[in-house]
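Colleague: Just one file: coords18.cif, with mmCIF, N, CA and C atoms.
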data_entry
#
loop_
_atom_site.label_atom_id
_atom_site.label_comp_id
_atom_site.auth_asym_id
_atom_site.auth_seq_id
_atom_site.Cartn_x
_atom_site.Cartn_y
_atom_site.Cartn_z
N MET A 169 0.81 -1.19 0.00
CA MET A 169 0.00 0.00 0.00
C MET A 169 0.85 1.25 0.00
N ALA A 170 1.97 1.24 0.68
CA ALA A 170 2.82 2.42 0.76
C ALA A 170 3.35 2.81 -0.61
N LEU A 171 3.56 1.82 -1.47
CA LEU A 171 4.05 2.08 -2.82
C LEU A 171 3.02 2.89 -3.61
N PHE A 172 1.76 2.53 -3.46
CA PHE A 172 0.72 3.25 -4.18
C PHE A 172 0.54 4.67 -3.66
N SER A 173 0.62 4.87 -2.35
CA SER A 173 0.45 6.21 -1.80
C SER A 173 1.61 7.11 -2.19
N LYS A 174 2.81 6.55 -2.30
CA LYS A 174 3.95 7.34 -2.74
C LYS A 174 3.76 7.78 -4.18
N ASN A 175 3.30 6.89 -5.01
CA ASN A 175 3.04 7.25 -6.41
C ASN A 175 1.93 8.30 -6.50
N ALA A 176 0.92 8.16 -5.68
CA ALA A 176 -0.17 9.13 -5.68
C ALA A 176 0.35 10.50 -5.24
N ASP A 177 1.23 10.52 -4.25
CA ASP A 177 1.81 11.78 -3.80
C ASP A 177 2.67 12.41 -4.90
N ASP A 178 3.45 11.56 -5.58
CA ASP A 178 4.28 12.06 -6.69
C ASP A 178 3.41 12.62 -7.80
N ILE A 179 2.36 11.90 -8.11
CA ILE A 179 1.45 12.35 -9.18
C ILE A 179 0.78 13.66 -8.78
N GLN A 180 0.34 13.73 -7.53
CA GLN A 180 -0.31 14.96 -7.06
C GLN A 180 0.67 16.14 -7.13
N GLY A 181 1.92 15.92 -6.73
CA GLY A 181 2.93 16.97 -6.80
C GLY A 181 3.18 17.41 -8.23
N ASP A 182 3.26 16.43 -9.15
CA ASP A 182 3.46 16.77 -10.56
C ASP A 182 2.29 17.56 -11.11
N VAL A 183 1.08 17.15 -10.75
CA VAL A 183 -0.11 17.85 -11.23
C VAL A 183 -0.14 19.28 -10.69
N GLU A 184 0.21 19.45 -9.42
CA GLU A 184 0.23 20.79 -8.84
C GLU A 184 1.27 21.68 -9.52
N GLU A 185 2.43 21.11 -9.86
CA GLU A 185 3.45 21.86 -10.59
C GLU A 185 2.96 22.26 -11.97
N GLN A 186 2.28 21.34 -12.65
CA GLN A 186 1.76 21.64 -13.98
C GLN A 186 0.68 22.71 -13.91
N ILE A 187 -0.16 22.64 -12.89
CA ILE A 187 -1.20 23.67 -12.72
C ILE A 187 -0.56 25.03 -12.49
N ALA A 188 0.48 25.07 -11.66
CA ALA A 188 1.17 26.34 -11.40
C ALA A 188 1.79 26.89 -12.69
N ALA A 189 2.40 26.00 -13.50
CA ALA A 189 2.99 26.42 -14.76
C ALA A 189 1.92 26.94 -15.72
N LEU A 190 0.78 26.25 -15.77
CA LEU A 190 -0.32 26.70 -16.64
C LEU A 190 -0.85 28.05 -16.19
N ARG A 191 -0.98 28.26 -14.90
CA ARG A 191 -1.44 29.56 -14.40
C ARG A 191 -0.49 30.67 -14.81
N LYS A 192 0.81 30.38 -14.75
CA LYS A 192 1.81 31.36 -15.14
C LYS A 192 1.70 31.68 -16.62
N GLU A 193 1.51 30.67 -17.46
CA GLU A 193 1.36 30.87 -18.90
C GLU A 193 0.09 31.65 -19.21
N ILE A 194 -1.00 31.32 -18.54
CA ILE A 194 -2.27 32.04 -18.75
C ILE A 194 -2.11 33.50 -18.37
N SER A 195 -1.38 33.75 -17.31
CA SER A 195 -1.13 35.13 -16.89
C SER A 195 -0.35 35.89 -17.96
N LYS A 196 0.66 35.25 -18.54
CA LYS A 196 1.44 35.89 -19.61
C LYS A 196 0.56 36.15 -20.84
N ILE A 197 -0.26 35.18 -21.20
CA ILE A 197 -1.14 35.34 -22.37
C ILE A 197 -2.14 36.46 -22.12
N THR A 198 -2.70 36.52 -20.93
CA THR A 198 -3.65 37.58 -20.58
C THR A 198 -3.00 38.95 -20.68
N ALA A 199 -1.78 39.06 -20.20
CA ALA A 199 -1.07 40.34 -20.27
C ALA A 199 -0.80 40.72 -21.73
N SER A 200 -0.44 39.75 -22.55
CA SER A 200 -0.18 40.03 -23.97
C SER A 200 -1.45 40.49 -24.67
N LEU A 201 -2.56 39.80 -24.41
CA LEU A 201 -3.83 40.19 -25.03
C LEU A 201 -4.27 41.57 -24.55
N SER A 202 -4.04 41.87 -23.30
CA SER A 202 -4.40 43.18 -22.77
C SER A 202 -3.60 44.27 -23.47
N ASP A 203 -2.30 44.04 -23.64
CA ASP A 203 -1.45 45.01 -24.34
C ASP A 203 -1.91 45.20 -25.77
N LEU A 204 -2.23 44.10 -26.45
CA LEU A 204 -2.68 44.17 -27.84
C LEU A 204 -4.00 44.94 -27.94
N GLY A 205 -4.92 44.66 -27.03
CA GLY A 205 -6.21 45.36 -27.02
C GLY A 205 -6.02 46.85 -26.76
N SER A 206 -5.12 47.17 -25.88
CA SER A 206 -4.84 48.56 -25.55
C SER A 206 -4.27 49.30 -26.76
N GLU A 207 -3.37 48.63 -27.49
CA GLU A 207 -2.79 49.24 -28.69
C GLU A 207 -3.86 49.48 -29.75
N LYS A 208 -4.74 48.50 -29.95
CA LYS A 208 -5.80 48.65 -30.94
C LYS A 208 -6.75 49.77 -30.54
N PHE A 209 -7.08 49.85 -29.26
CA PHE A 209 -7.96 50.91 -28.79
C PHE A 209 -7.33 52.28 -29.03
N ASP A 210 -6.03 52.39 -28.77
CA ASP A 210 -5.33 53.66 -29.01
C ASP A 210 -5.35 54.02 -30.49
N ASP A 211 -5.19 53.02 -31.37
CA ASP A 211 -5.24 53.28 -32.81
C ASP A 211 -6.62 53.78 -33.23
N VAL A 212 -7.66 53.13 -32.74
CA VAL A 212 -9.03 53.53 -33.08
C VAL A 212 -9.31 54.93 -32.54
N LYS A 213 -8.86 55.20 -31.33
CA LYS A 213 -9.07 56.52 -30.72
C LYS A 213 -8.38 57.60 -31.53
N ARG A 214 -7.16 57.31 -31.98
CA ARG A 214 -6.40 58.28 -32.77
C ARG A 214 -7.13 58.59 -34.10
N VAL A 215 -7.60 57.56 -34.77
CA VAL A 215 -8.30 57.75 -36.04
C VAL A 215 -9.61 58.50 -35.82
N ALA A 216 -10.35 58.14 -34.78
CA ALA A 216 -11.62 58.81 -34.50
C ALA A 216 -11.40 60.29 -34.20
N THR A 217 -10.35 60.60 -33.45
CA THR A 217 -10.05 61.99 -33.13
C THR A 217 -9.73 62.77 -34.40
N LYS A 218 -8.97 62.17 -35.30
CA LYS A 218 -8.67 62.82 -36.59
C LYS A 218 -9.95 63.10 -37.37
N GLN A 219 -10.84 62.12 -37.41
CA GLN A 219 -12.07 62.29 -38.17
C GLN A 219 -12.97 63.37 -37.55
N VAL A 220 -13.00 63.44 -36.25
CA VAL A 220 -13.81 64.48 -35.58
C VAL A 220 -13.24 65.86 -35.90
N ARG A 221 -11.93 65.98 -35.84
CA ARG A 221 -11.30 67.27 -36.17
C ARG A 221 -11.58 67.65 -37.62
N TYR A 222 -11.49 66.67 -38.51
CA TYR A 222 -11.75 66.94 -39.93
C TYR A 222 -13.20 67.40 -40.13
N ALA A 223 -14.13 66.71 -39.48
CA ALA A 223 -15.54 67.08 -39.61
C ALA A 223 -15.79 68.47 -39.04
N ALA A 224 -15.19 68.78 -37.92
CA ALA A 224 -15.37 70.10 -37.31
C ALA A 224 -14.79 71.20 -38.20
N ASP A 225 -13.61 70.95 -38.76
CA ASP A 225 -13.00 71.94 -39.66
C ASP A 225 -13.85 72.13 -40.91
N THR A 226 -14.36 71.04 -41.45
CA THR A 226 -15.20 71.13 -42.65
C THR A 226 -16.48 71.89 -42.34
N ALA A 227 -17.06 71.63 -41.17
CA ALA A 227 -18.29 72.34 -40.79
C ALA A 227 -18.04 73.83 -40.63
N LYS A 228 -16.87 74.20 -40.11
CA LYS A 228 -16.55 75.62 -39.95
C LYS A 228 -16.31 76.29 -41.30
N GLU A 229 -15.73 75.55 -42.23
CA GLU A 229 -15.44 76.11 -43.55
C GLU A 229 -16.70 76.23 -44.41
N ASN A 230 -17.66 75.34 -44.21
CA ASN A 230 -18.89 75.32 -45.03
C ASN A 230 -20.13 75.26 -44.13
N PRO A 231 -20.45 76.36 -43.46
CA PRO A 231 -21.56 76.31 -42.51
C PRO A 231 -22.92 76.09 -43.18
N LEU A 232 -23.12 76.62 -44.37
CA LEU A 232 -24.42 76.43 -45.03
C LEU A 232 -24.62 74.98 -45.46
N VAL A 233 -23.59 74.37 -45.97
CA VAL A 233 -23.68 72.96 -46.37
C VAL A 233 -23.93 72.09 -45.13
N THR A 234 -23.23 72.41 -44.06
CA THR A 234 -23.41 71.66 -42.81
C THR A 234 -24.84 71.79 -42.32
N LEU A 235 -25.38 72.99 -42.35
CA LEU A 235 -26.76 73.21 -41.93
C LEU A 235 -27.73 72.42 -42.79
N ALA A 236 -27.49 72.40 -44.10
CA ALA A 236 -28.36 71.66 -45.01
C ALA A 236 -28.30 70.16 -44.72
N ILE A 237 -27.11 69.65 -44.46
CA ILE A 237 -26.97 68.22 -44.16
C ILE A 237 -27.68 67.86 -42.87
N VAL A 238 -27.51 68.68 -41.84
CA VAL A 238 -28.17 68.42 -40.56
C VAL A 238 -29.68 68.49 -40.72
N ALA A 239 -30.18 69.48 -41.46
CA ALA A 239 -31.63 69.58 -41.68
C ALA A 239 -32.14 68.38 -42.44
N GLY A 240 -31.41 67.94 -43.46
CA GLY A 240 -31.83 66.76 -44.22
C GLY A 240 -31.84 65.51 -43.36
N ALA A 241 -30.82 65.34 -42.53
CA ALA A 241 -30.76 64.17 -41.66
C ALA A 241 -31.92 64.20 -40.66
N ALA A 242 -32.22 65.39 -40.11
CA ALA A 242 -33.33 65.51 -39.16
C ALA A 242 -34.66 65.18 -39.84
N LEU A 243 -34.81 65.62 -41.07
CA LEU A 243 -36.03 65.32 -41.81
C LEU A 243 -36.17 63.82 -42.04
N LEU A 244 -35.10 63.18 -42.46
CA LEU A 244 -35.15 61.73 -42.67
C LEU A 244 -35.46 60.97 -41.38
N ILE A 245 -34.83 61.38 -40.30
CA ILE A 245 -35.09 60.71 -39.02
C ILE A 245 -36.54 60.91 -38.62
N GLY A 246 -37.06 62.11 -38.83
CA GLY A 246 -38.47 62.37 -38.52
C GLY A 246 -39.40 61.53 -39.36
N LEU A 247 -39.13 61.40 -40.65
CA LEU A 247 -39.98 60.57 -41.52
C LEU A 247 -39.91 59.09 -41.15
N ILE A 248 -38.73 58.63 -40.84
CA ILE A 248 -38.58 57.21 -40.47
C ILE A 248 -39.26 56.92 -39.14
N SER A 249 -39.16 57.83 -38.20
CA SER A 249 -39.74 57.57 -36.88
C SER A 249 -41.27 57.64 -36.89
N ARG A 250 -41.86 58.24 -37.88
CA ARG A 250 -43.32 58.33 -37.97
C ARG A 250 -43.93 57.01 -38.39
N ARG A 251 -43.16 56.19 -39.05
CA ARG A 251 -43.72 54.91 -39.57
C ARG A 251 -43.93 53.90 -38.51
#
Using structure tokens, write down the structure from this file.

Modeller:
Amino acid sequence: MALFSKNADDIQGDVEEQIAALRKEISKITASLSDLGSEKFDDVKRVATKQVRYAADTAKENPLVTLAIVAGAALLIGLISRR
């Protein structure tokens, strides 16, 4: 019986070591994915900021066209919401 309990203890120790190694790897993968997500978010934020600035500059340069577009969009939204 002692032979079997020793093997069980060895197996349990090996399994615990493997679990610890897997936890460490999962932690590394999670950190990598977090960094990648953060980089992508920063890229999207940068592009969105550029587009907002471009739209604001265009609206300032062409106020009548901007007013016409806003009025047209409001009219379309009003017509669609009535249905």

Colleague: Could you tell me how far CA of Asn230 in chain A sits from atom C of Ala216 in chain A, in Å to one decimal place?

Modeller: 20.0 Å

Colleague: Using CA of Leu190 in chain A and CA of Ser206 in chain A as the two end points, give the distance in Å to one decimal.

Modeller: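 Separating CA of Leu190 in chain A from CA of Ser206 in chain A is a distance of 24.0 Å.
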
Colleague: Do you have the atom N of Gly240 in chain A-atom C of Lys218 in chain A distance handy?

Modeller: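 Atom-to-atom, atom N of Gly240 in chain A and atom C of Lys218 in chain A are spaced 22.8 Å apart.
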